[in-house]
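Novice: The structure file upload_13.txt (compact mmCIF, N, CA, C and O atoms) is provided below.
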# COMPACT_ATOMS: atom_id res chain seq x y z
N VAL I 1 -134.32 86.01 -77.15
CA VAL I 1 -135.09 84.77 -77.01
C VAL I 1 -134.15 83.68 -76.53
O VAL I 1 -133.10 83.45 -77.14
N LYS I 2 -134.53 83.03 -75.48
CA LYS I 2 -133.72 81.98 -74.88
C LYS I 2 -133.95 80.66 -75.62
O LYS I 2 -135.08 80.29 -75.90
N LYS I 3 -132.85 79.98 -75.96
CA LYS I 3 -132.95 78.71 -76.68
C LYS I 3 -133.22 77.58 -75.70
O LYS I 3 -132.72 77.57 -74.59
N SER I 4 -133.97 76.64 -76.18
CA SER I 4 -134.25 75.46 -75.35
C SER I 4 -133.03 74.55 -75.31
O SER I 4 -132.11 74.68 -76.15
N GLU I 5 -133.00 73.67 -74.34
CA GLU I 5 -131.89 72.70 -74.24
C GLU I 5 -131.82 71.85 -75.51
O GLU I 5 -130.74 71.52 -75.99
N PHE I 6 -132.98 71.54 -76.05
CA PHE I 6 -133.03 70.75 -77.29
C PHE I 6 -132.34 71.48 -78.43
O PHE I 6 -131.53 70.90 -79.15
N GLU I 7 -132.65 72.76 -78.60
CA GLU I 7 -132.04 73.54 -79.67
C GLU I 7 -130.54 73.66 -79.49
O GLU I 7 -129.78 73.58 -80.44
N LYS I 8 -130.10 73.86 -78.23
CA LYS I 8 -128.66 73.93 -77.95
C LYS I 8 -127.99 72.61 -78.30
O LYS I 8 -126.93 72.58 -78.91
N GLY I 9 -128.61 71.51 -77.88
CA GLY I 9 -128.06 70.19 -78.18
C GLY I 9 -128.00 69.92 -79.67
O GLY I 9 -127.04 69.36 -80.19
N LYS I 10 -129.05 70.36 -80.36
CA LYS I 10 -129.11 70.19 -81.81
C LYS I 10 -127.97 70.95 -82.50
O LYS I 10 -127.28 70.42 -83.36
N GLU I 11 -127.77 72.19 -82.08
CA GLU I 11 -126.69 73.01 -82.66
C GLU I 11 -125.32 72.40 -82.38
O GLU I 11 -124.45 72.37 -83.26
N GLU I 12 -125.13 71.90 -81.15
CA GLU I 12 -123.86 71.25 -80.81
C GLU I 12 -123.64 70.00 -81.66
O GLU I 12 -122.53 69.75 -82.13
N GLY I 13 -124.71 69.24 -81.87
CA GLY I 13 -124.61 68.04 -82.70
C GLY I 13 -124.25 68.37 -84.14
O GLY I 13 -123.43 67.70 -84.75
N ILE I 14 -124.87 69.42 -84.65
CA ILE I 14 -124.56 69.86 -86.01
C ILE I 14 -123.10 70.27 -86.11
O ILE I 14 -122.40 69.90 -87.05
N GLN I 15 -122.63 71.05 -85.14
CA GLN I 15 -121.23 71.49 -85.14
C GLN I 15 -120.27 70.31 -85.08
O GLN I 15 -119.26 70.28 -85.78
N GLU I 16 -120.59 69.33 -84.22
CA GLU I 16 -119.74 68.13 -84.12
C GLU I 16 -119.72 67.39 -85.44
O GLU I 16 -118.67 66.92 -85.88
N GLY I 17 -120.87 67.29 -86.08
CA GLY I 17 -120.96 66.61 -87.38
C GLY I 17 -120.13 67.31 -88.44
O GLY I 17 -119.43 66.68 -89.23
N ILE I 18 -120.21 68.63 -88.45
CA ILE I 18 -119.43 69.42 -89.41
C ILE I 18 -117.93 69.21 -89.16
O ILE I 18 -117.16 68.98 -90.10
N GLN I 19 -117.52 69.29 -87.89
CA GLN I 19 -116.10 69.10 -87.55
C GLN I 19 -115.61 67.72 -87.96
O GLN I 19 -114.52 67.58 -88.51
N LYS I 20 -116.42 66.70 -87.68
CA LYS I 20 -116.04 65.34 -88.05
C LYS I 20 -115.92 65.20 -89.57
O LYS I 20 -114.98 64.59 -90.07
N GLY I 21 -116.85 65.81 -90.29
CA GLY I 21 -116.81 65.77 -91.75
C GLY I 21 -115.56 66.46 -92.30
O GLY I 21 -114.92 65.96 -93.22
N ILE I 22 -115.23 67.59 -91.73
CA ILE I 22 -114.03 68.31 -92.15
C ILE I 22 -112.79 67.46 -91.89
O ILE I 22 -111.91 67.33 -92.75
N GLN I 23 -112.72 66.88 -90.69
CA GLN I 23 -111.57 66.05 -90.32
C GLN I 23 -111.42 64.86 -91.26
O GLN I 23 -110.32 64.54 -91.71
N GLU I 24 -112.54 64.19 -91.56
CA GLU I 24 -112.50 63.05 -92.47
C GLU I 24 -112.06 63.48 -93.86
O GLU I 24 -111.31 62.78 -94.53
N GLY I 25 -112.53 64.65 -94.30
CA GLY I 25 -112.13 65.17 -95.60
C GLY I 25 -110.63 65.46 -95.66
O GLY I 25 -109.97 65.16 -96.66
N ILE I 26 -110.10 66.01 -94.60
CA ILE I 26 -108.66 66.28 -94.52
C ILE I 26 -107.88 64.98 -94.58
O ILE I 26 -106.90 64.86 -95.32
N GLN I 27 -108.32 63.98 -93.82
CA GLN I 27 -107.65 62.68 -93.80
C GLN I 27 -107.64 62.05 -95.19
O GLN I 27 -106.62 61.55 -95.65
N LYS I 28 -108.79 62.09 -95.87
CA LYS I 28 -108.89 61.51 -97.22
C LYS I 28 -107.96 62.25 -98.18
O LYS I 28 -107.33 61.65 -99.04
N GLY I 29 -107.89 63.57 -98.03
CA GLY I 29 -107.01 64.36 -98.90
C GLY I 29 -105.55 64.02 -98.68
O GLY I 29 -104.79 63.89 -99.65
N ILE I 30 -105.16 63.83 -97.43
CA ILE I 30 -103.78 63.45 -97.12
C ILE I 30 -103.48 62.07 -97.71
O ILE I 30 -102.44 61.87 -98.35
N GLN I 31 -104.40 61.13 -97.52
CA GLN I 31 -104.20 59.77 -98.05
C GLN I 31 -104.08 59.80 -99.57
O GLN I 31 -103.21 59.13 -100.14
N LYS I 32 -104.93 60.57 -100.22
CA LYS I 32 -104.90 60.66 -101.68
C LYS I 32 -103.55 61.21 -102.16
O LYS I 32 -102.96 60.70 -103.11
N GLY I 33 -103.06 62.23 -101.47
CA GLY I 33 -101.77 62.81 -101.83
C GLY I 33 -100.62 61.83 -101.60
O GLY I 33 -99.71 61.73 -102.43
N GLN I 34 -100.70 61.10 -100.48
CA GLN I 34 -99.66 60.11 -100.20
C GLN I 34 -99.65 59.03 -101.28
O GLN I 34 -98.59 58.63 -101.77
N LEU I 35 -100.82 58.54 -101.64
CA LEU I 35 -100.92 57.47 -102.65
C LEU I 35 -100.39 57.95 -104.01
O LEU I 35 -99.70 57.21 -104.70
N LYS I 36 -100.68 59.19 -104.33
CA LYS I 36 -100.18 59.76 -105.59
C LYS I 36 -98.65 59.83 -105.59
O LYS I 36 -98.00 59.49 -106.57
N GLY I 37 -98.09 60.26 -104.46
CA GLY I 37 -96.63 60.33 -104.34
C GLY I 37 -95.98 58.96 -104.38
O GLY I 37 -94.94 58.76 -105.01
N ILE I 38 -96.60 57.99 -103.70
CA ILE I 38 -96.08 56.62 -103.70
C ILE I 38 -96.12 56.04 -105.11
O ILE I 38 -95.16 55.41 -105.56
N LYS I 39 -97.21 56.30 -105.80
CA LYS I 39 -97.35 55.79 -107.18
C LYS I 39 -96.24 56.36 -108.08
O LYS I 39 -95.61 55.62 -108.83
N LEU I 40 -96.00 57.64 -107.96
CA LEU I 40 -94.93 58.27 -108.75
C LEU I 40 -93.57 57.69 -108.37
O LEU I 40 -92.76 57.36 -109.24
N GLY I 41 -93.33 57.54 -107.07
CA GLY I 41 -92.06 56.97 -106.61
C GLY I 41 -91.85 55.55 -107.12
O GLY I 41 -90.74 55.21 -107.56
N LEU I 42 -92.89 54.74 -107.07
CA LEU I 42 -92.78 53.36 -107.58
C LEU I 42 -92.46 53.35 -109.07
O LEU I 42 -91.62 52.58 -109.53
N LYS I 43 -93.14 54.22 -109.80
CA LYS I 43 -92.93 54.28 -111.25
C LYS I 43 -91.50 54.70 -111.58
O LYS I 43 -90.84 54.11 -112.43
N LEU I 44 -91.03 55.73 -110.88
CA LEU I 44 -89.68 56.23 -111.16
C LEU I 44 -88.59 55.26 -110.72
O LEU I 44 -87.57 55.12 -111.39
N LYS I 45 -88.82 54.59 -109.60
CA LYS I 45 -87.78 53.72 -109.03
C LYS I 45 -87.78 52.31 -109.63
O LYS I 45 -86.73 51.74 -109.88
N PHE I 46 -89.00 51.78 -109.85
CA PHE I 46 -89.10 50.37 -110.27
C PHE I 46 -89.84 50.16 -111.60
O PHE I 46 -90.00 49.03 -112.03
N GLY I 47 -90.30 51.22 -112.21
CA GLY I 47 -91.00 51.11 -113.49
C GLY I 47 -92.38 50.49 -113.35
O GLY I 47 -92.99 50.51 -112.28
N LYS I 48 -92.88 49.92 -114.44
CA LYS I 48 -94.24 49.35 -114.46
C LYS I 48 -94.42 48.22 -113.45
O LYS I 48 -95.50 48.04 -112.92
N LYS I 49 -93.36 47.48 -113.20
CA LYS I 49 -93.46 46.38 -112.23
C LYS I 49 -93.80 46.91 -110.84
O LYS I 49 -94.54 46.28 -110.09
N GLY I 50 -93.27 48.06 -110.49
CA GLY I 50 -93.55 48.66 -109.20
C GLY I 50 -95.00 49.10 -109.08
O GLY I 50 -95.61 48.98 -108.01
N LEU I 51 -95.57 49.57 -110.19
CA LEU I 51 -96.95 50.04 -110.17
C LEU I 51 -97.95 48.92 -109.88
O LEU I 51 -99.05 49.18 -109.41
N LYS I 52 -97.56 47.70 -110.15
CA LYS I 52 -98.44 46.56 -109.90
C LYS I 52 -98.75 46.39 -108.41
O LYS I 52 -99.69 45.71 -108.05
N LEU I 53 -97.97 47.02 -107.56
CA LEU I 53 -98.17 46.93 -106.11
C LEU I 53 -99.17 47.95 -105.57
O LEU I 53 -99.53 47.90 -104.40
N MET I 54 -99.61 48.87 -106.41
CA MET I 54 -100.48 49.94 -105.93
C MET I 54 -101.78 49.44 -105.32
O MET I 54 -102.22 49.97 -104.31
N GLN I 55 -102.38 48.42 -105.88
CA GLN I 55 -103.64 47.92 -105.33
C GLN I 55 -103.45 47.47 -103.88
O GLN I 55 -104.25 47.80 -103.01
N GLU I 56 -102.37 46.75 -103.64
CA GLU I 56 -102.07 46.28 -102.28
C GLU I 56 -101.81 47.47 -101.34
O GLU I 56 -102.26 47.49 -100.20
N ILE I 57 -101.09 48.45 -101.83
CA ILE I 57 -100.75 49.62 -101.03
C ILE I 57 -102.02 50.44 -100.72
O ILE I 57 -102.20 50.91 -99.60
N GLU I 58 -102.91 50.58 -101.69
CA GLU I 58 -104.14 51.35 -101.50
C GLU I 58 -105.02 50.74 -100.40
O GLU I 58 -105.79 51.45 -99.76
N GLU I 59 -104.91 49.46 -100.17
CA GLU I 59 -105.70 48.78 -99.15
C GLU I 59 -105.23 49.11 -97.73
O GLU I 59 -105.94 48.86 -96.77
N LEU I 60 -104.05 49.68 -97.57
CA LEU I 60 -103.51 49.96 -96.25
C LEU I 60 -104.31 51.04 -95.51
O LEU I 60 -104.41 51.00 -94.30
N GLN I 61 -104.85 52.00 -96.23
CA GLN I 61 -105.75 53.02 -95.70
C GLN I 61 -105.17 54.04 -94.74
O GLN I 61 -105.33 55.22 -94.95
N SER I 62 -104.54 53.65 -93.65
CA SER I 62 -104.15 54.64 -92.63
C SER I 62 -102.94 55.46 -93.06
O SER I 62 -102.04 54.98 -93.74
N ILE I 63 -102.94 56.70 -92.60
CA ILE I 63 -101.84 57.62 -92.91
C ILE I 63 -100.54 57.09 -92.33
O ILE I 63 -99.49 57.19 -92.97
N GLU I 64 -100.60 56.51 -91.13
CA GLU I 64 -99.39 55.98 -90.49
C GLU I 64 -98.77 54.86 -91.34
O GLU I 64 -97.55 54.81 -91.51
N LYS I 65 -99.60 53.97 -91.85
CA LYS I 65 -99.08 52.87 -92.69
C LYS I 65 -98.52 53.41 -94.00
O LYS I 65 -97.50 52.93 -94.49
N LEU I 66 -99.20 54.40 -94.57
CA LEU I 66 -98.70 54.99 -95.81
C LEU I 66 -97.39 55.73 -95.58
O LEU I 66 -96.52 55.75 -96.46
N ASP I 67 -97.22 56.31 -94.38
CA ASP I 67 -95.93 56.93 -94.02
C ASP I 67 -94.83 55.88 -94.07
O ASP I 67 -93.72 56.13 -94.56
N LYS I 68 -95.12 54.69 -93.54
CA LYS I 68 -94.14 53.60 -93.54
C LYS I 68 -93.81 53.16 -94.96
O LYS I 68 -92.66 52.84 -95.27
N VAL I 69 -94.82 53.15 -95.83
CA VAL I 69 -94.60 52.78 -97.24
C VAL I 69 -93.67 53.80 -97.88
O VAL I 69 -92.74 53.43 -98.62
N GLU I 70 -93.88 55.07 -97.60
CA GLU I 70 -93.02 56.12 -98.16
C GLU I 70 -91.57 55.94 -97.70
O GLU I 70 -90.64 56.04 -98.51
N GLU I 71 -91.38 55.64 -96.42
CA GLU I 71 -90.03 55.41 -95.89
C GLU I 71 -89.40 54.20 -96.56
O GLU I 71 -88.23 54.22 -96.95
N LEU I 72 -90.19 53.15 -96.69
CA LEU I 72 -89.71 51.91 -97.31
C LEU I 72 -89.31 52.16 -98.76
O LEU I 72 -88.28 51.67 -99.22
N LEU I 73 -90.10 52.93 -99.46
CA LEU I 73 -89.81 53.24 -100.87
C LEU I 73 -88.48 53.98 -100.99
O LEU I 73 -87.70 53.74 -101.91
N GLU I 74 -88.23 54.84 -100.05
CA GLU I 74 -86.97 55.59 -100.04
C GLU I 74 -85.77 54.67 -99.77
O GLU I 74 -84.72 54.81 -100.37
N GLU I 75 -85.95 53.72 -98.84
CA GLU I 75 -84.84 52.89 -98.37
C GLU I 75 -84.59 51.63 -99.20
O GLU I 75 -83.45 51.17 -99.28
N ALA I 76 -85.64 51.06 -99.79
CA ALA I 76 -85.50 49.79 -100.51
C ALA I 76 -84.59 49.95 -101.73
O ALA I 76 -84.73 50.90 -102.50
N LYS I 77 -83.69 49.00 -101.87
CA LYS I 77 -82.76 49.04 -103.01
C LYS I 77 -83.32 48.30 -104.23
O LYS I 77 -83.00 48.62 -105.36
N THR I 78 -84.16 47.28 -103.97
CA THR I 78 -84.72 46.48 -105.05
C THR I 78 -86.23 46.36 -104.88
O THR I 78 -86.77 46.58 -103.79
N LEU I 79 -86.90 45.95 -105.95
CA LEU I 79 -88.34 45.74 -105.90
C LEU I 79 -88.68 44.60 -104.94
O LEU I 79 -89.64 44.70 -104.17
N ASP I 80 -87.87 43.56 -104.94
CA ASP I 80 -88.12 42.45 -104.02
C ASP I 80 -88.02 42.90 -102.56
O ASP I 80 -88.82 42.49 -101.73
N GLU I 81 -87.03 43.71 -102.27
CA GLU I 81 -86.87 44.24 -100.91
C GLU I 81 -88.10 45.07 -100.52
O GLU I 81 -88.60 44.98 -99.40
N PHE I 82 -88.59 45.86 -101.47
CA PHE I 82 -89.78 46.68 -101.22
C PHE I 82 -91.00 45.78 -100.97
O PHE I 82 -91.77 46.02 -100.05
N LYS I 83 -91.17 44.76 -101.80
CA LYS I 83 -92.31 43.84 -101.66
C LYS I 83 -92.30 43.16 -100.28
O LYS I 83 -93.33 43.05 -99.63
N LYS I 84 -91.13 42.73 -99.85
CA LYS I 84 -91.01 42.10 -98.54
C LYS I 84 -91.38 43.07 -97.42
O LYS I 84 -92.05 42.71 -96.46
N GLY I 85 -90.95 44.29 -97.56
CA GLY I 85 -91.26 45.32 -96.56
C GLY I 85 -92.75 45.63 -96.50
O GLY I 85 -93.30 45.81 -95.40
N ILE I 86 -93.41 45.64 -97.63
CA ILE I 86 -94.85 45.90 -97.68
C ILE I 86 -95.61 44.84 -96.90
O ILE I 86 -96.58 45.13 -96.20
N LYS I 87 -95.18 43.60 -97.00
CA LYS I 87 -95.85 42.50 -96.31
C LYS I 87 -95.79 42.67 -94.79
O LYS I 87 -96.63 42.15 -94.07
N GLN I 88 -94.78 43.40 -94.30
CA GLN I 88 -94.60 43.58 -92.87
C GLN I 88 -95.34 44.80 -92.31
O GLN I 88 -95.34 45.02 -91.11
N ILE I 89 -95.93 45.58 -93.20
CA ILE I 89 -96.65 46.79 -92.74
C ILE I 89 -98.08 46.42 -92.41
O ILE I 89 -98.72 45.69 -93.05
Represent the structure of the file as structure tokens.
Specialist:
Amino acid sequence: VKKSEFEKGKEEGIQEGIQKGIQEGIQKGIQKGQLKGIKLGLKLKFGKKGLKLMQEIEELQSIEKLDKVEELLEEAKTLDEFKKGIKQI
């Protein structure tokens, strides 16, 4: 049985929707993992004072920005240095 153009288009749309959903799920999972790692790093490096920055960091959203936060966390020697760096991201 030959499918109509409508049915083909519908199937392609469904596939695109599924792919987009999978991609968004992967992105959210990566972000969640990054935030968890950043939170642990802040706690270990700066204690409770460092954790107070999590709300600001969570607002950054993009994986690229969170990558920069991870690098900054590694390089910053003090909490003030880290705070200044966050403002520039």
Novice: Between atom O of I:Gln34 and atom O of I:Lys20, what is the distance in Å, rounded to a tenth?
Specialist: 21.0 Å
Novice: Can you tell me how far atom CA of I:Glu71 sits from atom CA of I:Lys48, in Å to one decimal?
Specialist: 20.0 Å
Novice: Restricting the calculation to all atoms listed in the file, which member of I:Glu59, I:Ile26, I:Glu64, I:Lys45 is positioned closest to I:Ala76?
Specialist: I:Lys45
Novice: Atom N of I:Gln27 and atom O of I:Phe82, how far apart in Å?
Specialist: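 Separating atom O of I:Phe82 from atom N of I:Gln27 is a distance of 25.2 Å.
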Novice: If you run DSSP on the backbone here, which positions in chain I get alpha helix (DSSP H)? Please write them as JSON, numbers by chain.
Specialist: {"I": [5, 6, 7, 8, 9, 10, 11, 12, 13, 14, 15, 16, 17, 18, 19, 20, 21, 22, 23, 24, 25, 26, 27, 28, 29, 30, 31, 32, 33, 34, 35, 36, 37, 38, 39, 40, 41, 42, 43, 44, 45, 46, 48, 49, 50, 51, 54, 55, 56, 57, 58, 63, 64, 65, 66, 67, 68, 69, 70, 71, 72, 73, 74, 75, 79, 80, 81, 82, 83, 84, 85, 86, 87]}
Novice: Will you model all heavy atoms for stretch 67-78 of chain I and pass it back as a PDB file, in the coordinates of the input?
Specialist:
ATOM      1  N   ASP I  67     -97.220  56.310 -94.380  1.00  0.00           N
ATOM      2  CA  ASP I  67     -95.930  56.930 -94.020  1.00  0.00           C
ATOM      3  C   ASP I  67     -94.830  55.880 -94.070  1.00  0.00           C
ATOM      4  O   ASP I  67     -93.720  56.130 -94.560  1.00  0.00           O
ATOM      5  CB  ASP I  67     -95.981  57.534 -92.619  1.00  0.00           C
ATOM      6  CG  ASP I  67     -96.753  58.836 -92.551  1.00  0.00           C
ATOM      7  OD1 ASP I  67     -96.973  59.485 -93.596  1.00  0.00           O
ATOM      8  OD2 ASP I  67     -97.143  59.222 -91.430  1.00  0.00           O
ATOM      9  N   LYS I  68     -95.120  54.690 -93.540  1.00  0.00           N
ATOM     10  CA  LYS I  68     -94.140  53.600 -93.540  1.00  0.00           C
ATOM     11  C   LYS I  68     -93.810  53.160 -94.960  1.00  0.00           C
ATOM     12  O   LYS I  68     -92.660  52.840 -95.270  1.00  0.00           O
ATOM     13  CB  LYS I  68     -94.652  52.425 -92.710  1.00  0.00           C
ATOM     14  CG  LYS I  68     -94.689  52.718 -91.230  1.00  0.00           C
ATOM     15  CD  LYS I  68     -95.225  51.552 -90.430  1.00  0.00           C
ATOM     16  CE  LYS I  68     -95.312  51.910 -88.947  1.00  0.00           C
ATOM     17  NZ  LYS I  68     -95.881  50.836 -88.143  1.00  0.00           N
ATOM     18  N   VAL I  69     -94.820  53.150 -95.830  1.00  0.00           N
ATOM     19  CA  VAL I  69     -94.600  52.780 -97.240  1.00  0.00           C
ATOM     20  C   VAL I  69     -93.670  53.800 -97.880  1.00  0.00           C
ATOM     21  O   VAL I  69     -92.740  53.430 -98.620  1.00  0.00           O
ATOM     22  CB  VAL I  69     -95.928  52.685 -98.016  1.00  0.00           C
ATOM     23  CG1 VAL I  69     -95.674  52.505 -99.511  1.00  0.00           C
ATOM     24  CG2 VAL I  69     -96.776  51.535 -97.484  1.00  0.00           C
ATOM     25  N   GLU I  70     -93.880  55.070 -97.600  1.00  0.00           N
ATOM     26  CA  GLU I  70     -93.020  56.120 -98.160  1.00  0.00           C
ATOM     27  C   GLU I  70     -91.570  55.940 -97.700  1.00  0.00           C
ATOM     28  O   GLU I  70     -90.640  56.040 -98.510  1.00  0.00           O
ATOM     29  CB  GLU I  70     -93.530  57.504 -97.745  1.00  0.00           C
ATOM     30  CG  GLU I  70     -94.817  57.898 -98.422  1.00  0.00           C
ATOM     31  CD  GLU I  70     -95.407  59.204 -97.924  1.00  0.00           C
ATOM     32  OE1 GLU I  70     -95.242  59.541 -96.734  1.00  0.00           O
ATOM     33  OE2 GLU I  70     -96.046  59.889 -98.725  1.00  0.00           O
ATOM     34  N   GLU I  71     -91.380  55.640 -96.420  1.00  0.00           N
ATOM     35  CA  GLU I  71     -90.030  55.410 -95.890  1.00  0.00           C
ATOM     36  C   GLU I  71     -89.400  54.200 -96.560  1.00  0.00           C
ATOM     37  O   GLU I  71     -88.230  54.220 -96.950  1.00  0.00           O
ATOM     38  CB  GLU I  71     -90.083  55.186 -94.387  1.00  0.00           C
ATOM     39  CG  GLU I  71     -90.400  56.430 -93.584  1.00  0.00           C
ATOM     40  CD  GLU I  71     -90.602  56.133 -92.095  1.00  0.00           C
ATOM     41  OE1 GLU I  71     -90.071  55.103 -91.603  1.00  0.00           O
ATOM     42  OE2 GLU I  71     -91.296  56.920 -91.438  1.00  0.00           O
ATOM     43  N   LEU I  72     -90.190  53.150 -96.690  1.00  0.00           N
ATOM     44  CA  LEU I  72     -89.710  51.910 -97.310  1.00  0.00           C
ATOM     45  C   LEU I  72     -89.310  52.160 -98.760  1.00  0.00           C
ATOM     46  O   LEU I  72     -88.280  51.670 -99.220  1.00  0.00           O
ATOM     47  CB  LEU I  72     -90.792  50.836 -97.229  1.00  0.00           C
ATOM     48  CG  LEU I  72     -90.485  49.486 -97.851  1.00  0.00           C
ATOM     49  CD1 LEU I  72     -89.297  48.822 -97.152  1.00  0.00           C
ATOM     50  CD2 LEU I  72     -91.711  48.574 -97.769  1.00  0.00           C
ATOM     51  N   LEU I  73     -90.100  52.930 -99.460  1.00  0.00           N
ATOM     52  CA  LEU I  73     -89.810  53.240-100.870  1.00  0.00           C
ATOM     53  C   LEU I  73     -88.480  53.980-100.990  1.00  0.00           C
ATOM     54  O   LEU I  73     -87.700  53.740-101.910  1.00  0.00           O
ATOM     55  CB  LEU I  73     -90.954  54.077-101.451  1.00  0.00           C
ATOM     56  CG  LEU I  73     -90.870  54.470-102.917  1.00  0.00           C
ATOM     57  CD1 LEU I  73     -90.714  53.245-103.813  1.00  0.00           C
ATOM     58  CD2 LEU I  73     -92.103  55.247-103.322  1.00  0.00           C
ATOM     59  N   GLU I  74     -88.230  54.840-100.050  1.00  0.00           N
ATOM     60  CA  GLU I  74     -86.970  55.590-100.040  1.00  0.00           C
ATOM     61  C   GLU I  74     -85.770  54.670 -99.770  1.00  0.00           C
ATOM     62  O   GLU I  74     -84.720  54.810-100.370  1.00  0.00           O
ATOM     63  CB  GLU I  74     -87.040  56.650 -98.932  1.00  0.00           C
ATOM     64  CG  GLU I  74     -86.524  57.999 -99.356  1.00  0.00           C
ATOM     65  CD  GLU I  74     -86.681  59.007 -98.228  1.00  0.00           C
ATOM     66  OE1 GLU I  74     -87.818  59.384 -97.913  1.00  0.00           O
ATOM     67  OE2 GLU I  74     -85.642  59.396 -97.681  1.00  0.00           O
ATOM     68  N   GLU I  75     -85.950  53.720 -98.840  1.00  0.00           N
ATOM     69  CA  GLU I  75     -84.840  52.890 -98.370  1.00  0.00           C
ATOM     70  C   GLU I  75     -84.590  51.630 -99.200  1.00  0.00           C
ATOM     71  O   GLU I  75     -83.450  51.170 -99.280  1.00  0.00           O
ATOM     72  CB  GLU I  75     -85.091  52.490 -96.916  1.00  0.00           C
ATOM     73  CG  GLU I  75     -85.097  53.688 -95.972  1.00  0.00           C
ATOM     74  CD  GLU I  75     -85.646  53.358 -94.594  1.00  0.00           C
ATOM     75  OE1 GLU I  75     -85.955  52.171 -94.321  1.00  0.00           O
ATOM     76  OE2 GLU I  75     -85.763  54.286 -93.782  1.00  0.00           O
ATOM     77  N   ALA I  76     -85.640  51.060 -99.790  1.00  0.00           N
ATOM     78  CA  ALA I  76     -85.500  49.790-100.510  1.00  0.00           C
ATOM     79  C   ALA I  76     -84.590  49.950-101.730  1.00  0.00           C
ATOM     80  O   ALA I  76     -84.730  50.900-102.500  1.00  0.00           O
ATOM     81  CB  ALA I  76     -86.864  49.267-100.931  1.00  0.00           C
ATOM     82  N   LYS I  77     -83.690  49.000-101.870  1.00  0.00           N
ATOM     83  CA  LYS I  77     -82.760  49.040-103.010  1.00  0.00           C
ATOM     84  C   LYS I  77     -83.320  48.300-104.230  1.00  0.00           C
ATOM     85  O   LYS I  77     -83.000  48.620-105.360  1.00  0.00           O
ATOM     86  CB  LYS I  77     -81.422  48.402-102.616  1.00  0.00           C
ATOM     87  CG  LYS I  77     -80.761  49.043-101.406  1.00  0.00           C
ATOM     88  CD  LYS I  77     -80.132  50.371-101.733  1.00  0.00           C
ATOM     89  CE  LYS I  77     -79.346  50.912-100.580  1.00  0.00           C
ATOM     90  NZ  LYS I  77     -80.005  51.994 -99.871  1.00  0.00           N
ATOM     91  N   THR I  78     -84.160  47.280-103.970  1.00  0.00           N
ATOM     92  CA  THR I  78     -84.720  46.480-105.050  1.00  0.00           C
ATOM     93  C   THR I  78     -86.230  46.360-104.880  1.00  0.00           C
ATOM     94  O   THR I  78     -86.770  46.580-103.790  1.00  0.00           O
ATOM     95  CB  THR I  78     -84.131  45.047-105.062  1.00  0.00           C
ATOM     96  OG1 THR I  78     -84.553  44.371-103.866  1.00  0.00           O
ATOM     97  CG2 THR I  78     -82.612  45.070-105.146  1.00  0.00           C
TER      98      THR I  78
END
